[in-house]
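Below: input-v8.txt (compact mmCIF, C-alpha atoms and all ligand atoms)
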# COMPACT_ATOMS: atom_id res chain seq x y z
CA MET W 8 -23.89 2.58 -11.44
CA SER W 9 -23.68 -1.19 -11.01
CA PHE W 10 -20.96 -3.71 -11.84
CA ALA W 11 -23.24 -5.22 -14.50
CA THR W 12 -23.03 -2.06 -16.63
CA LEU W 13 -19.22 -2.38 -16.80
CA GLY W 14 -19.40 -5.41 -19.09
CA LEU W 15 -18.40 -8.11 -16.60
CA SER W 16 -19.50 -11.70 -17.14
CA ALA W 17 -22.11 -13.47 -14.98
CA ALA W 18 -19.43 -15.53 -13.18
CA LEU W 19 -17.55 -12.39 -12.15
CA LEU W 20 -20.73 -10.54 -11.19
CA ARG W 21 -21.54 -13.43 -8.88
CA ALA W 22 -18.09 -13.22 -7.29
CA VAL W 23 -18.52 -9.47 -6.80
CA GLU W 24 -21.85 -10.13 -5.15
CA ASP W 25 -20.24 -12.81 -2.95
CA ALA W 26 -17.68 -10.20 -1.87
CA GLY W 27 -20.55 -7.94 -0.85
CA TYR W 28 -19.74 -5.11 -3.26
CA THR W 29 -22.75 -3.28 -4.62
CA THR W 30 -21.26 -0.27 -6.39
CA PRO W 31 -17.97 -0.02 -8.26
CA THR W 32 -15.44 2.43 -6.83
CA PRO W 33 -14.25 5.31 -9.09
CA ILE W 34 -11.13 3.44 -10.18
CA GLN W 35 -13.15 0.32 -10.93
CA ARG W 36 -15.56 2.33 -13.07
CA LYS W 37 -12.69 3.57 -15.19
CA ALA W 38 -10.28 0.63 -15.11
CA ILE W 39 -12.65 -2.28 -15.76
CA PRO W 40 -13.87 -1.18 -19.23
CA ALA W 41 -10.35 -0.02 -20.18
CA VAL W 42 -8.74 -3.35 -19.26
CA LEU W 43 -11.57 -5.30 -20.92
CA SER W 44 -10.92 -3.40 -24.15
CA GLY W 45 -7.40 -4.85 -24.21
CA LYS W 46 -5.67 -1.48 -24.03
CA ASP W 47 -2.67 -0.61 -21.90
CA VAL W 48 -3.59 1.25 -18.74
CA MET W 49 -1.67 3.65 -16.56
CA ALA W 50 -3.52 4.33 -13.34
CA ALA W 51 -2.69 6.68 -10.53
CA ALA W 52 -4.27 4.99 -7.57
CA GLN W 53 -3.20 3.65 -4.27
CA THR W 54 -4.26 0.92 -1.90
CA GLY W 55 -7.69 1.49 -0.45
CA THR W 56 -9.29 2.71 -3.66
CA GLY W 57 -10.42 -0.73 -4.80
CA LYS W 58 -7.75 -0.87 -7.50
CA THR W 59 -7.11 -4.61 -7.07
CA ALA W 60 -10.62 -5.55 -8.20
CA GLY W 61 -10.20 -2.81 -10.84
CA PHE W 62 -7.59 -4.87 -12.64
CA VAL W 63 -8.23 -8.43 -11.40
CA LEU W 64 -11.88 -8.65 -12.50
CA PRO W 65 -11.34 -7.65 -16.16
CA LEU W 66 -8.07 -9.58 -16.29
CA LEU W 67 -9.87 -12.78 -15.26
CA GLN W 68 -12.61 -12.13 -17.79
CA ARG W 69 -10.12 -11.82 -20.63
CA LEU W 70 -8.26 -14.94 -19.53
CA ALA W 71 -11.45 -16.96 -19.15
CA GLY W 72 -12.17 -16.45 -22.84
CA GLY W 73 -8.73 -17.57 -24.01
CA ARG W 74 -6.85 -20.80 -24.56
CA GLY W 75 -5.52 -22.99 -21.75
CA VAL W 76 -2.16 -22.70 -20.11
CA GLN W 77 0.74 -25.07 -20.83
CA ALA W 78 2.98 -26.73 -18.23
CA ASN W 79 5.29 -24.25 -16.50
CA HIS W 80 3.73 -21.37 -18.38
CA ILE W 81 1.72 -18.42 -17.14
CA ARG W 82 -0.75 -16.20 -19.00
CA ALA W 83 -0.89 -13.14 -16.75
CA LEU W 84 1.86 -11.85 -14.50
CA VAL W 85 1.14 -9.48 -11.63
CA LEU W 86 4.33 -8.01 -10.17
CA VAL W 87 4.08 -6.57 -6.67
CA PRO W 88 6.66 -5.11 -4.27
CA THR W 89 6.09 -7.14 -1.09
CA ARG W 90 5.08 -10.58 0.12
CA GLU W 91 2.09 -9.18 1.99
CA LEU W 92 0.75 -7.46 -1.07
CA ALA W 93 1.43 -10.62 -3.08
CA GLU W 94 -0.70 -12.64 -0.65
CA GLN W 95 -3.41 -10.03 -0.67
CA VAL W 96 -3.61 -9.74 -4.46
CA ALA W 97 -3.48 -13.53 -4.82
CA GLY W 98 -6.36 -13.73 -2.35
CA SER W 99 -8.35 -11.33 -4.52
CA VAL W 100 -7.56 -13.34 -7.66
CA ALA W 101 -8.80 -16.50 -5.94
CA ALA W 102 -11.92 -14.79 -4.57
CA TYR W 103 -12.95 -13.04 -7.77
CA GLY W 104 -12.12 -16.10 -9.87
CA ARG W 105 -14.01 -18.58 -7.72
CA HIS W 106 -16.69 -19.24 -10.32
CA LEU W 107 -14.17 -19.61 -13.16
CA SER W 108 -11.88 -22.52 -13.85
CA LEU W 109 -8.65 -20.56 -14.04
CA LYS W 110 -5.55 -21.50 -12.08
CA SER W 111 -3.74 -18.93 -10.00
CA GLY W 112 -0.60 -18.91 -7.90
CA VAL W 113 1.64 -16.68 -5.84
CA VAL W 114 5.43 -16.64 -5.45
CA TYR W 115 7.68 -14.52 -3.25
CA GLY W 116 10.99 -14.80 -1.46
CA GLY W 117 11.69 -15.73 2.14
CA VAL W 118 9.92 -19.08 1.88
CA LYS W 119 10.89 -22.41 0.30
CA ILE W 120 11.08 -22.35 -3.47
CA ASN W 121 10.20 -26.02 -4.05
CA PRO W 122 6.46 -25.84 -3.40
CA GLN W 123 6.34 -22.85 -5.75
CA MET W 124 8.14 -24.86 -8.45
CA MET W 125 5.68 -27.72 -7.98
CA LYS W 126 2.74 -25.36 -8.28
CA LEU W 127 4.09 -23.90 -11.52
CA ARG W 128 4.61 -27.32 -13.06
CA GLY W 129 1.00 -27.62 -14.15
CA GLY W 130 0.94 -24.06 -15.51
CA VAL W 131 -0.84 -21.13 -13.90
CA ASP W 132 -3.18 -18.64 -15.58
CA VAL W 133 -2.49 -15.76 -13.17
CA LEU W 134 0.77 -15.59 -11.28
CA VAL W 135 1.28 -12.95 -8.59
CA ALA W 136 4.98 -12.50 -7.88
CA THR W 137 7.65 -10.38 -6.28
CA PRO W 138 10.41 -9.68 -8.83
CA GLY W 139 13.42 -11.36 -7.17
CA ARG W 140 11.77 -14.73 -6.57
CA LEU W 141 10.23 -14.72 -10.04
CA LEU W 142 13.70 -14.37 -11.58
CA ASP W 143 15.03 -17.17 -9.36
CA LEU W 144 12.22 -19.39 -10.61
CA PHE W 145 12.89 -18.40 -14.20
CA ASN W 146 16.60 -19.14 -13.80
CA GLN W 147 15.69 -22.60 -12.55
CA ASN W 148 13.42 -23.18 -15.56
CA ALA W 149 10.37 -23.39 -13.32
CA VAL W 150 8.48 -20.68 -15.18
CA ARG W 151 8.28 -19.69 -18.85
CA PHE W 152 6.93 -16.47 -20.21
CA THR W 153 6.07 -17.16 -23.86
CA GLN W 154 2.33 -17.43 -23.11
CA VAL W 155 2.14 -14.17 -21.16
CA GLU W 156 -0.71 -12.01 -22.47
CA THR W 157 -0.92 -9.44 -19.71
CA LEU W 158 1.56 -7.82 -17.36
CA VAL W 159 0.44 -5.87 -14.30
CA LEU W 160 2.85 -3.72 -12.31
CA ASP W 161 1.11 -3.05 -9.03
CA GLU W 162 2.41 -0.33 -6.71
CA ALA W 163 5.10 0.44 -9.26
CA ASP W 164 6.39 3.40 -7.25
CA ARG W 165 7.03 1.17 -4.27
CA MET W 166 8.82 -1.39 -6.42
CA LEU W 167 11.21 1.30 -7.61
CA ASP W 168 11.64 2.64 -4.06
CA LEU W 169 12.61 -0.86 -2.98
CA GLY W 170 15.27 -1.05 -5.67
CA PHE W 171 13.53 -3.54 -7.96
CA ILE W 172 14.12 -1.59 -11.16
CA ALA W 173 16.94 -3.83 -12.44
CA ASP W 174 14.87 -6.97 -11.78
CA ILE W 175 11.83 -5.42 -13.46
CA ARG W 176 13.86 -4.53 -16.54
CA LYS W 177 15.21 -8.09 -16.70
CA ILE W 178 11.68 -9.49 -16.49
CA LEU W 179 10.36 -7.09 -19.14
CA ALA W 180 13.08 -8.24 -21.51
CA LEU W 181 11.91 -11.85 -21.09
CA LEU W 182 8.23 -11.22 -21.87
CA PRO W 183 6.61 -11.52 -25.31
CA VAL W 184 6.50 -8.15 -27.07
CA ARG W 185 2.80 -8.37 -27.84
CA ARG W 186 0.98 -8.11 -24.54
CA GLN W 187 -1.29 -5.88 -22.53
CA ASN W 188 0.41 -3.77 -19.85
CA LEU W 189 -1.29 -2.34 -16.78
CA LEU W 190 0.59 -0.07 -14.42
CA PHE W 191 -0.68 1.10 -11.05
CA SER W 192 1.21 3.60 -8.95
CA ALA W 193 0.32 5.95 -6.13
CA THR W 194 2.83 8.54 -7.30
CA PHE W 195 4.43 9.34 -10.64
CA SER W 196 8.08 10.23 -10.17
CA ASN W 197 10.43 10.79 -13.08
CA ASP W 198 11.68 7.22 -12.66
CA ILE W 199 8.16 5.85 -13.07
CA ARG W 200 7.59 8.02 -16.10
CA THR W 201 10.81 6.75 -17.69
CA LEU W 202 9.69 3.20 -17.01
CA THR W 203 6.23 3.77 -18.46
CA GLU W 204 7.59 5.38 -21.63
CA GLY W 205 9.27 2.18 -22.71
CA LEU W 206 6.48 -0.02 -21.45
CA LEU W 207 3.05 1.35 -22.28
CA ARG W 208 1.56 1.89 -25.73
CA ASN W 209 -1.06 4.65 -25.94
CA PRO W 210 -2.24 3.86 -22.43
CA VAL W 211 -5.64 4.80 -21.12
CA GLN W 212 -4.72 7.17 -18.30
CA ILE W 213 -6.74 6.95 -15.14
CA GLU W 214 -6.43 9.13 -12.10
CA VAL W 215 -8.48 9.02 -8.98
CA SER W 216 -7.69 11.32 -6.15
CA PRO W 217 -6.32 9.08 -3.40
CA ARG W 218 -7.55 11.17 -0.53
CA ASN W 219 -10.97 11.80 -1.98
CA SER W 220 -11.64 8.13 -2.34
CA ALA W 221 -9.38 6.38 0.16
CA ALA W 222 -9.49 8.71 3.10
CA LYS W 223 -12.70 10.66 2.77
CA GLY W 224 -14.02 9.28 6.03
CA VAL W 225 -10.73 9.60 7.92
CA LYS W 226 -10.54 12.13 10.73
CA GLN W 227 -6.94 13.22 11.12
CA TRP W 228 -5.28 15.03 13.97
CA VAL W 229 -2.06 15.37 15.96
CA TYR W 230 -1.25 14.82 19.61
CA GLU W 231 1.76 16.90 20.57
CA ALA W 232 4.07 15.01 22.93
CA ASP W 233 7.66 14.85 24.11
CA LYS W 234 9.52 12.10 22.30
CA ALA W 235 10.36 10.18 25.47
CA ARG W 236 6.73 10.16 26.61
CA LYS W 237 5.25 8.80 23.40
CA PRO W 238 5.20 5.13 24.47
CA ALA W 239 3.39 6.01 27.71
CA LEU W 240 0.99 8.28 25.83
CA LEU W 241 0.17 5.49 23.38
CA SER W 242 -0.49 3.02 26.21
CA TYR W 243 -2.69 5.59 27.89
CA LEU W 244 -4.68 6.31 24.72
CA VAL W 245 -5.18 2.64 23.88
CA ARG W 246 -6.69 2.05 27.31
CA LYS W 247 -8.49 5.31 27.84
CA ARG W 248 -10.09 5.40 24.39
CA GLY W 249 -10.77 1.66 24.39
CA TRP W 250 -8.98 1.11 21.07
CA GLU W 251 -9.29 -2.57 20.29
CA GLN W 252 -7.60 -2.94 16.90
CA VAL W 253 -4.92 -0.36 16.30
CA LEU W 254 -2.24 -0.29 13.64
CA VAL W 255 0.75 1.74 14.82
CA PHE W 256 3.45 2.90 12.41
CA VAL W 257 7.02 3.25 13.57
CA ARG W 258 9.91 4.28 11.33
CA THR W 259 12.54 1.73 12.29
CA ARG W 260 12.60 -1.96 13.10
CA ASN W 261 14.34 -1.32 16.42
CA GLY W 262 11.80 1.34 17.29
CA ALA W 263 8.97 -1.07 16.47
CA ASP W 264 10.44 -3.86 18.61
CA SER W 265 11.05 -1.54 21.53
CA LEU W 266 7.55 -0.01 21.40
CA ALA W 267 5.89 -3.43 21.28
CA ARG W 268 7.94 -4.53 24.31
CA THR W 269 6.81 -1.46 26.25
CA LEU W 270 3.17 -2.05 25.36
CA VAL W 271 3.37 -5.71 26.33
CA SER W 272 4.99 -4.82 29.65
CA ASP W 273 2.07 -2.42 30.18
CA GLY W 274 -0.28 -5.37 29.75
CA ILE W 275 -1.46 -4.50 26.24
CA LEU W 276 -1.47 -7.33 23.69
CA ALA W 277 0.90 -6.05 21.03
CA ALA W 278 2.86 -7.63 18.19
CA VAL W 279 5.35 -6.45 15.60
CA ILE W 280 5.52 -6.83 11.84
CA HIS W 281 8.70 -5.72 10.05
CA GLY W 282 11.21 -6.76 7.42
CA GLU W 283 13.32 -8.93 9.70
CA LYS W 284 10.45 -11.21 10.66
CA THR W 285 10.10 -14.45 8.76
CA GLN W 286 7.17 -14.86 6.43
CA ALA W 287 5.61 -17.40 8.79
CA GLU W 288 5.83 -14.92 11.68
CA ARG W 289 4.33 -12.11 9.63
CA THR W 290 1.45 -14.29 8.45
CA ARG W 291 0.71 -15.47 11.98
CA VAL W 292 0.85 -11.99 13.51
CA LEU W 293 -1.41 -10.60 10.82
CA ALA W 294 -3.91 -13.40 11.29
CA ASP W 295 -3.91 -12.82 15.07
CA PHE W 296 -4.42 -9.11 14.55
CA LYS W 297 -7.29 -9.67 12.14
CA ALA W 298 -8.86 -12.13 14.55
CA GLY W 299 -8.69 -9.59 17.37
CA GLN W 300 -6.15 -11.61 19.37
CA VAL W 301 -3.58 -8.84 19.06
CA ARG W 302 -4.79 -5.42 20.10
CA VAL W 303 -1.94 -3.29 18.78
CA LEU W 304 0.03 -4.16 15.67
CA VAL W 305 3.27 -2.19 15.46
CA ALA W 306 4.54 -2.01 11.89
CA THR W 307 7.19 -0.40 9.73
CA ASP W 308 6.04 1.18 6.48
CA ILE W 309 7.23 -1.47 4.09
CA ALA W 310 6.03 -4.38 6.18
CA ALA W 311 2.62 -2.77 6.43
CA ARG W 312 2.31 -2.32 2.69
CA GLY W 313 -0.40 -4.64 1.52
CA ILE W 314 -2.02 -5.20 4.88
CA ASP W 315 -5.69 -5.25 4.06
CA ILE W 316 -7.98 -5.10 7.01
CA SER W 317 -11.27 -3.55 6.18
CA GLU W 318 -12.67 -0.92 8.48
CA LEU W 319 -9.60 -0.64 10.66
CA PRO W 320 -10.80 1.99 13.11
CA GLN W 321 -7.50 3.66 14.08
CA VAL W 322 -4.12 4.15 12.49
CA ILE W 323 -1.48 5.77 14.65
CA ASN W 324 1.71 7.43 13.47
CA PHE W 325 3.97 6.88 16.44
CA ASP W 326 6.72 8.54 14.40
CA LEU W 327 6.01 10.72 11.43
CA PRO W 328 7.37 9.17 8.23
CA LYS W 329 10.44 10.72 6.62
CA VAL W 330 8.75 10.52 3.22
CA ALA W 331 5.59 12.61 3.31
CA GLU W 332 3.78 10.35 0.84
CA ASP W 333 4.04 7.50 3.33
CA TYR W 334 1.66 9.43 5.56
CA ILE W 335 -1.03 9.00 2.93
CA HIS W 336 -0.23 5.30 2.54
CA ARG W 337 -0.39 4.87 6.30
CA ILE W 338 -3.70 6.57 6.88
CA GLY W 339 -5.03 4.76 3.81
CA ARG W 340 -5.22 1.75 6.14
CA THR W 341 -8.22 3.24 7.87
CA GLY W 342 -11.47 4.50 6.40
CA ARG W 343 -11.08 2.03 3.56
CA ALA W 344 -13.80 1.60 0.98
CA GLY W 345 -15.86 4.37 2.49
CA SER W 346 -15.86 3.37 6.17
CA GLN W 347 -15.04 5.83 8.95
CA GLY W 348 -11.61 5.94 10.55
CA GLU W 349 -9.15 7.97 12.58
CA GLY W 350 -5.58 8.82 11.56
CA ILE W 351 -3.74 10.08 14.61
CA SER W 352 -0.13 11.25 14.78
CA LEU W 353 1.99 11.58 17.92
CA VAL W 354 4.32 14.44 17.08
CA SER W 355 7.35 15.70 18.99
CA ALA W 356 9.13 19.03 18.48
CA ASP W 357 11.93 17.49 16.39
CA GLU W 358 9.38 16.28 13.81
CA VAL W 359 8.10 19.69 12.83
CA GLN W 360 9.76 19.57 9.41
CA GLN W 361 8.09 16.26 8.58
CA LEU W 362 4.79 17.62 9.83
CA ALA W 363 5.13 20.66 7.57
CA ALA W 364 5.94 18.45 4.57
CA ILE W 365 2.88 16.28 5.25
CA GLU W 366 0.60 19.29 5.65
CA THR W 367 1.86 20.67 2.36
CA LEU W 368 1.26 17.37 0.62
CA ILE W 369 -2.26 16.90 1.92
CA GLY W 370 -3.12 20.59 1.57
CA GLN W 371 -4.39 20.79 5.09
CA THR W 372 -3.10 21.96 8.47
CA LEU W 373 -3.66 19.18 10.97
CA VAL W 374 -5.53 20.01 14.14
CA ARG W 375 -3.31 19.71 17.24
CA GLU W 376 -4.29 18.49 20.66
CA VAL W 377 -2.51 17.71 23.91
CA VAL W 378 -3.47 15.13 26.51
CA THR W 379 -3.60 16.07 30.18
CA GLY W 380 -0.64 14.48 31.90
CA PHE W 381 1.36 14.44 28.65
CA ILE W 382 1.69 18.15 27.94
CA PRO W 383 5.05 18.48 26.18
CA THR W 384 7.96 20.39 27.67
CA HIS W 385 9.15 21.07 24.13
CA SER W 386 6.12 22.19 22.20
CA VAL W 387 6.00 21.59 18.47
CA PRO W 388 6.61 24.89 16.64
CA LEU W 389 3.79 26.09 14.44
CA THR W 390 4.45 24.94 10.92
CA ARG W 391 3.54 28.35 9.56
CA GLN W 392 6.49 29.82 11.47
CA LEU W 393 8.92 27.78 9.41
CA LYS W 394 10.71 29.83 6.84
CA ILE W 395 11.83 27.00 4.65
CA ARG W 396 12.19 27.33 0.95
CA PRO W 397 10.26 24.52 -0.61
CA LYS W 398 12.55 21.87 -2.05
CA LYS W 399 11.27 19.54 -4.69
CA PRO W 400 11.42 15.90 -3.63
CA LYS W 401 13.84 14.12 -5.97
CA LYS W 402 11.93 10.91 -6.29
CA SER W 403 8.27 10.78 -5.47
CA LYS W 404 6.17 13.41 -7.11
CA PRO W 405 2.82 13.42 -5.41
CA LEU W 406 -0.30 13.28 -7.44
CA ALA W 407 -2.77 16.06 -7.08
CA VAL W 408 -4.24 15.56 -3.66
CA THR W 409 -7.47 17.28 -3.00
CA GLY W 410 -10.22 17.27 -0.45
CA GLY W 411 -10.14 17.45 3.31
CA PRO W 412 -10.93 20.44 5.49
CA ARG W 413 -9.33 23.76 4.61
CA PRO W 414 -6.70 25.21 6.94
CA SER W 415 -8.40 27.27 9.60
CA ALA W 416 -8.32 31.07 9.50
CA GLY W 417 -4.91 32.52 10.22
CA GLU W 418 -3.09 29.33 9.34
CA LYS W 419 -0.81 29.13 6.37
CA LYS W 420 0.48 26.13 4.59
CA ASN W 421 4.18 25.40 4.88
CA THR W 422 6.46 23.66 2.51
CA SER W 423 9.38 21.56 3.51
CA SER W 424 10.50 18.45 1.86
CA LYS W 425 13.94 16.92 1.76
CA PRO W 426 14.99 14.83 -1.18
CA GLN W 427 14.07 11.48 0.20
CA ARG W 428 15.49 8.05 -0.34
CA ARG W 429 13.87 5.02 1.07
CA ARG W 430 15.59 3.33 3.94
CA LYS W 431 15.21 -0.26 4.94
CA PRO W 432 12.12 -0.73 7.06
P1 LIG M 1 -7.73 -2.23 -2.68
O1 LIG M 1 -7.60 -0.76 -2.94
O2 LIG M 1 -7.76 -3.01 -3.93
O3 LIG M 1 -6.64 -2.67 -1.74
O4 LIG M 1 -9.13 -2.49 -1.95
C1 LIG M 1 -9.43 -1.91 -0.73
C2 LIG M 1 -10.58 -2.59 -0.01
O5 LIG M 1 -11.81 -2.25 -0.63
C3 LIG M 1 -10.53 -4.11 0.01
O6 LIG M 1 -10.86 -4.52 1.32
C4 LIG M 1 -11.61 -4.54 -0.96
O7 LIG M 1 -12.18 -5.77 -0.56
C5 LIG M 1 -12.62 -3.41 -0.83
N1 LIG M 1 -13.40 -3.15 -2.05
C6 LIG M 1 -12.95 -3.19 -3.33
N2 LIG M 1 -13.92 -2.85 -4.18
C7 LIG M 1 -15.01 -2.57 -3.46
C8 LIG M 1 -16.34 -2.14 -3.77
N3 LIG M 1 -16.72 -1.91 -5.04
N4 LIG M 1 -17.21 -1.95 -2.76
C9 LIG M 1 -16.82 -2.16 -1.47
N5 LIG M 1 -15.58 -2.56 -1.09
C10 LIG M 1 -14.68 -2.75 -2.07
Take the structure in this file and express it as structure tokens.
Ligand code: AMP
Amino acid sequence: MSFATLGLSAALLRAVEDAGYTTPTPIQRKAIPAVLSGKDVMAAAQTGTGKTAGFVLPLLQRLAGGRGVQANHIRALVLVPTRELAEQVAGSVAAYGRHLSLKSGVVYGGVKINPQMMKLRGGVDVLVATPGRLLDLFNQNAVRFTQVETLVLDEADRMLDLGFIADIRKILALLPVRRQNLLFSATFSNDIRTLTEGLLRNPVQIEVSPRNSAAKGVKQWVYEADKARKPALLSYLVRKRGWEQVLVFVRTRNGADSLARTLVSDGILAAVIHGEKTQAERTRVLADFKAGQVRVLVATDIAARGIDISELPQVINFDLPKVAEDYIHRIGRTGRAGSQGEGISLVSADEVQQLAAIETLIGQTLVREVVTGFIPTHSVPLTRQLKIRPKKPKKSKPLAVTGGPRPSAGEKKNTSSKPQRRRKP
């Protein structure tokens, strides 16, 4: 199937060609015609599936056929949870809209508001925004919503996890009643379902299996290690395996800072991206990492949301995430859009519960290895030996996750999952 058969205009087909895409991804195949038809859409898809083009392309096509935008007005609003994702989506809007004469903009907190107010003055067809800054701009009369035709909630689950529900509800109350609504979420918790009930009218429901599409080419395994030896093991692996562009996930900001310091003192070019860094620092670090000037980027989960680096060869879980679904988001950073990748977790004995929860979620027992010189004193118990009654996570209900190798003979799947609330990154 080609993009042309999806009903996209010549200007958008050219932009798709410029981007080097030849075949639409599964979500694009389903979302593009649905959005073009003007219907509401509820899509279960996460980063790495090509979902951004799935909604941006048809959105631009609909806007291109409509009337112009008035001063301080916007015609399409894309709400996203983080600044990084805002930049990334805005980049896609600009790239896919390059042969159209639509105006686009992006607003988020942590940077000066004045340039954003100036930008909005002339009106913007597509505005990508984080909820808090959008409300600030609205309260200062910098943006008006009466021309809004389409609302997109991107990574809705993450917006709720980050506590944006009150802001989202305020924004929804300000929008015209007649509009198209598109909602994208990796998971569908009860909170998301409650939100969608009041928001979407007879939505076209789209589901693509995240692991089938996002992580098909990702080889995943575990290195068992003592907690205290993990930094040395990581240094060793980076050198020994010749990893040149590695994204490393750490649970806490302090942990991320401390790991980056250790790597730098070992002579490895490493940098950190987390919630306490200024936007300018984050942008610079990301650019350096993309350009190959930083070898190891150490990131917390939320800061890493929205990082789009195609064909990132390795993603390392230095700590296992507390929320099992984050594992899927993390390894979604490698093997994107069909390329090969490796998702490697350094696991210590105290993380066995998290490991079991992840294995249950992905329906696969991860292969374990040890590295000579780093054989753990406290080995990680086998997850099948855990006698834990499965608890239902309170918030994030995973979507059906399929694919991946089956557990090997003799191995059983384990279930362990604490009710999980998001912490600050
Ligand atoms: P997304 O899931 O929207 O974050 O997109 C993930 C990555 O896939 C981005 O780097 C896109 O540029 C890329 N991508 C999106 N659609 C396609 C496609 N049809 N073919 C190849 N790459 C794509």
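If all atoms listed in the file are the atoms counted, then among W:Arg185, W:Arg258, W:Pro388, W:Ile382 the closest residue to W:Lys329 is W:Arg258.
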Can you tell me, as a PyMOL selection string, what residues are no more than 8 Å from stretch 204-210 of chain W when counting all atoms listed in the file, ignoring any on the same chain fewer than 6 positions away?
chain W and resi 46-49+188-189
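Atom CA of W:Pro122 is positioned 27.0 Å from atom CA of W:Arg165.
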List every residue of stretch 117-209 of chain W that has an atom at most 9 Å from any atom of stretch 72-91 of chain W, giving for each one its closest atom pair and the distance in Å to one decimal, counting only C-alpha atoms, sorted by chain and then by ascending residue number, as JSON lines.
{"residue": "W:Gly117", "atom": "CA", "partner": "W:Arg90", "partner_atom": "CA", "distance": 8.6}
{"residue": "W:Met124", "atom": "CA", "partner": "W:Asn79", "partner_atom": "CA", "distance": 8.6}
{"residue": "W:Lys126", "atom": "CA", "partner": "W:Asn79", "partner_atom": "CA", "distance": 8.7}
{"residue": "W:Leu127", "atom": "CA", "partner": "W:Asn79", "partner_atom": "CA", "distance": 5.1}
{"residue": "W:Arg128", "atom": "CA", "partner": "W:Asn79", "partner_atom": "CA", "distance": 4.7}
{"residue": "W:Gly129", "atom": "CA", "partner": "W:Ala78", "partner_atom": "CA", "distance": 4.6}
{"residue": "W:Gly130", "atom": "CA", "partner": "W:Ala78", "partner_atom": "CA", "distance": 4.3}
{"residue": "W:Val131", "atom": "CA", "partner": "W:Ile81", "partner_atom": "CA", "distance": 4.9}
{"residue": "W:Asp132", "atom": "CA", "partner": "W:Arg82", "partner_atom": "CA", "distance": 4.9}
{"residue": "W:Val133", "atom": "CA", "partner": "W:Ala83", "partner_atom": "CA", "distance": 4.7}
{"residue": "W:Leu134", "atom": "CA", "partner": "W:Leu84", "partner_atom": "CA", "distance": 5.1}
{"residue": "W:Val135", "atom": "CA", "partner": "W:Val85", "partner_atom": "CA", "distance": 4.6}
{"residue": "W:Ala136", "atom": "CA", "partner": "W:Leu86", "partner_atom": "CA", "distance": 5.1}
{"residue": "W:Thr137", "atom": "CA", "partner": "W:Val87", "partner_atom": "CA", "distance": 5.2}
{"residue": "W:Pro138", "atom": "CA", "partner": "W:Leu86", "partner_atom": "CA", "distance": 6.4}
{"residue": "W:Leu141", "atom": "CA", "partner": "W:Leu86", "partner_atom": "CA", "distance": 8.9}
{"residue": "W:Asn148", "atom": "CA", "partner": "W:Asn79", "partner_atom": "CA", "distance": 8.3}
{"residue": "W:Ala149", "atom": "CA", "partner": "W:Asn79", "partner_atom": "CA", "distance": 6.1}
{"residue": "W:Val150", "atom": "CA", "partner": "W:Asn79", "partner_atom": "CA", "distance": 5.0}
{"residue": "W:Arg151", "atom": "CA", "partner": "W:His80", "partner_atom": "CA", "distance": 4.9}
{"residue": "W:Phe152", "atom": "CA", "partner": "W:His80", "partner_atom": "CA", "distance": 6.1}
{"residue": "W:Thr153", "atom": "CA", "partner": "W:His80", "partner_atom": "CA", "distance": 7.3}
{"residue": "W:Gln154", "atom": "CA", "partner": "W:Arg82", "partner_atom": "CA", "distance": 5.3}
{"residue": "W:Val155", "atom": "CA", "partner": "W:Arg82", "partner_atom": "CA", "distance": 4.1}
{"residue": "W:Glu156", "atom": "CA", "partner": "W:Arg82", "partner_atom": "CA", "distance": 5.4}
{"residue": "W:Thr157", "atom": "CA", "partner": "W:Ala83", "partner_atom": "CA", "distance": 4.7}
{"residue": "W:Leu158", "atom": "CA", "partner": "W:Leu84", "partner_atom": "CA", "distance": 5.0}
{"residue": "W:Val159", "atom": "CA", "partner": "W:Val85", "partner_atom": "CA", "distance": 4.5}
{"residue": "W:Leu160", "atom": "CA", "partner": "W:Leu86", "partner_atom": "CA", "distance": 5.0}
{"residue": "W:Asp161", "atom": "CA", "partner": "W:Val87", "partner_atom": "CA", "distance": 5.2}
{"residue": "W:Glu162", "atom": "CA", "partner": "W:Val87", "partner_atom": "CA", "distance": 6.5}
{"residue": "W:Ala163", "atom": "CA", "partner": "W:Val87", "partner_atom": "CA", "distance": 7.5}
{"residue": "W:Arg165", "atom": "CA", "partner": "W:Pro88", "partner_atom": "CA", "distance": 6.3}
{"residue": "W:Met166", "atom": "CA", "partner": "W:Pro88", "partner_atom": "CA", "distance": 4.8}
{"residue": "W:Leu167", "atom": "CA", "partner": "W:Pro88", "partner_atom": "CA", "distance": 8.5}
{"residue": "W:Leu169", "atom": "CA", "partner": "W:Pro88", "partner_atom": "CA", "distance": 7.4}
{"residue": "W:Phe171", "atom": "CA", "partner": "W:Pro88", "partner_atom": "CA", "distance": 8.0}
{"residue": "W:Ile175", "atom": "CA", "partner": "W:Leu86", "partner_atom": "CA", "distance": 8.6}
Taking (6.8, -1.0, 17.3) in the coordinates of the supplied file, I want to know which residues reach to within 10 Å of it, counting all atoms listed in the file; could you give the answer as a ChimeraX atom specification?
/W:238,254-270,277-281,303-307,325-326
Give me the residues within 12 Å of stretch 24-26 of chain W as a PyMOL selection string, counting only C-alpha atoms and dropping any in the same chain fewer than 3 places off.
chain W and resi 9-11+17-21+29-31+60+98-99+101-106
Using all atoms listed in the file, find the one residue out of W:Thr59, W:Gln53, W:Gln147, W:Asn121 that sits nearest to W:Ser192.
W:Gln53
Starting from 8 Å padding per side, set up an axis-aligned box that covers all listed atoms of ligand LIG 1 (chain M) and hand over centre and edge lengths in Å, one decimal, as AutoDock Vina command-line options.
--center_x -11.9 --center_y -3.3 --center_z -1.9 --size_x 26.6 --size_y 21.0 --size_z 22.4
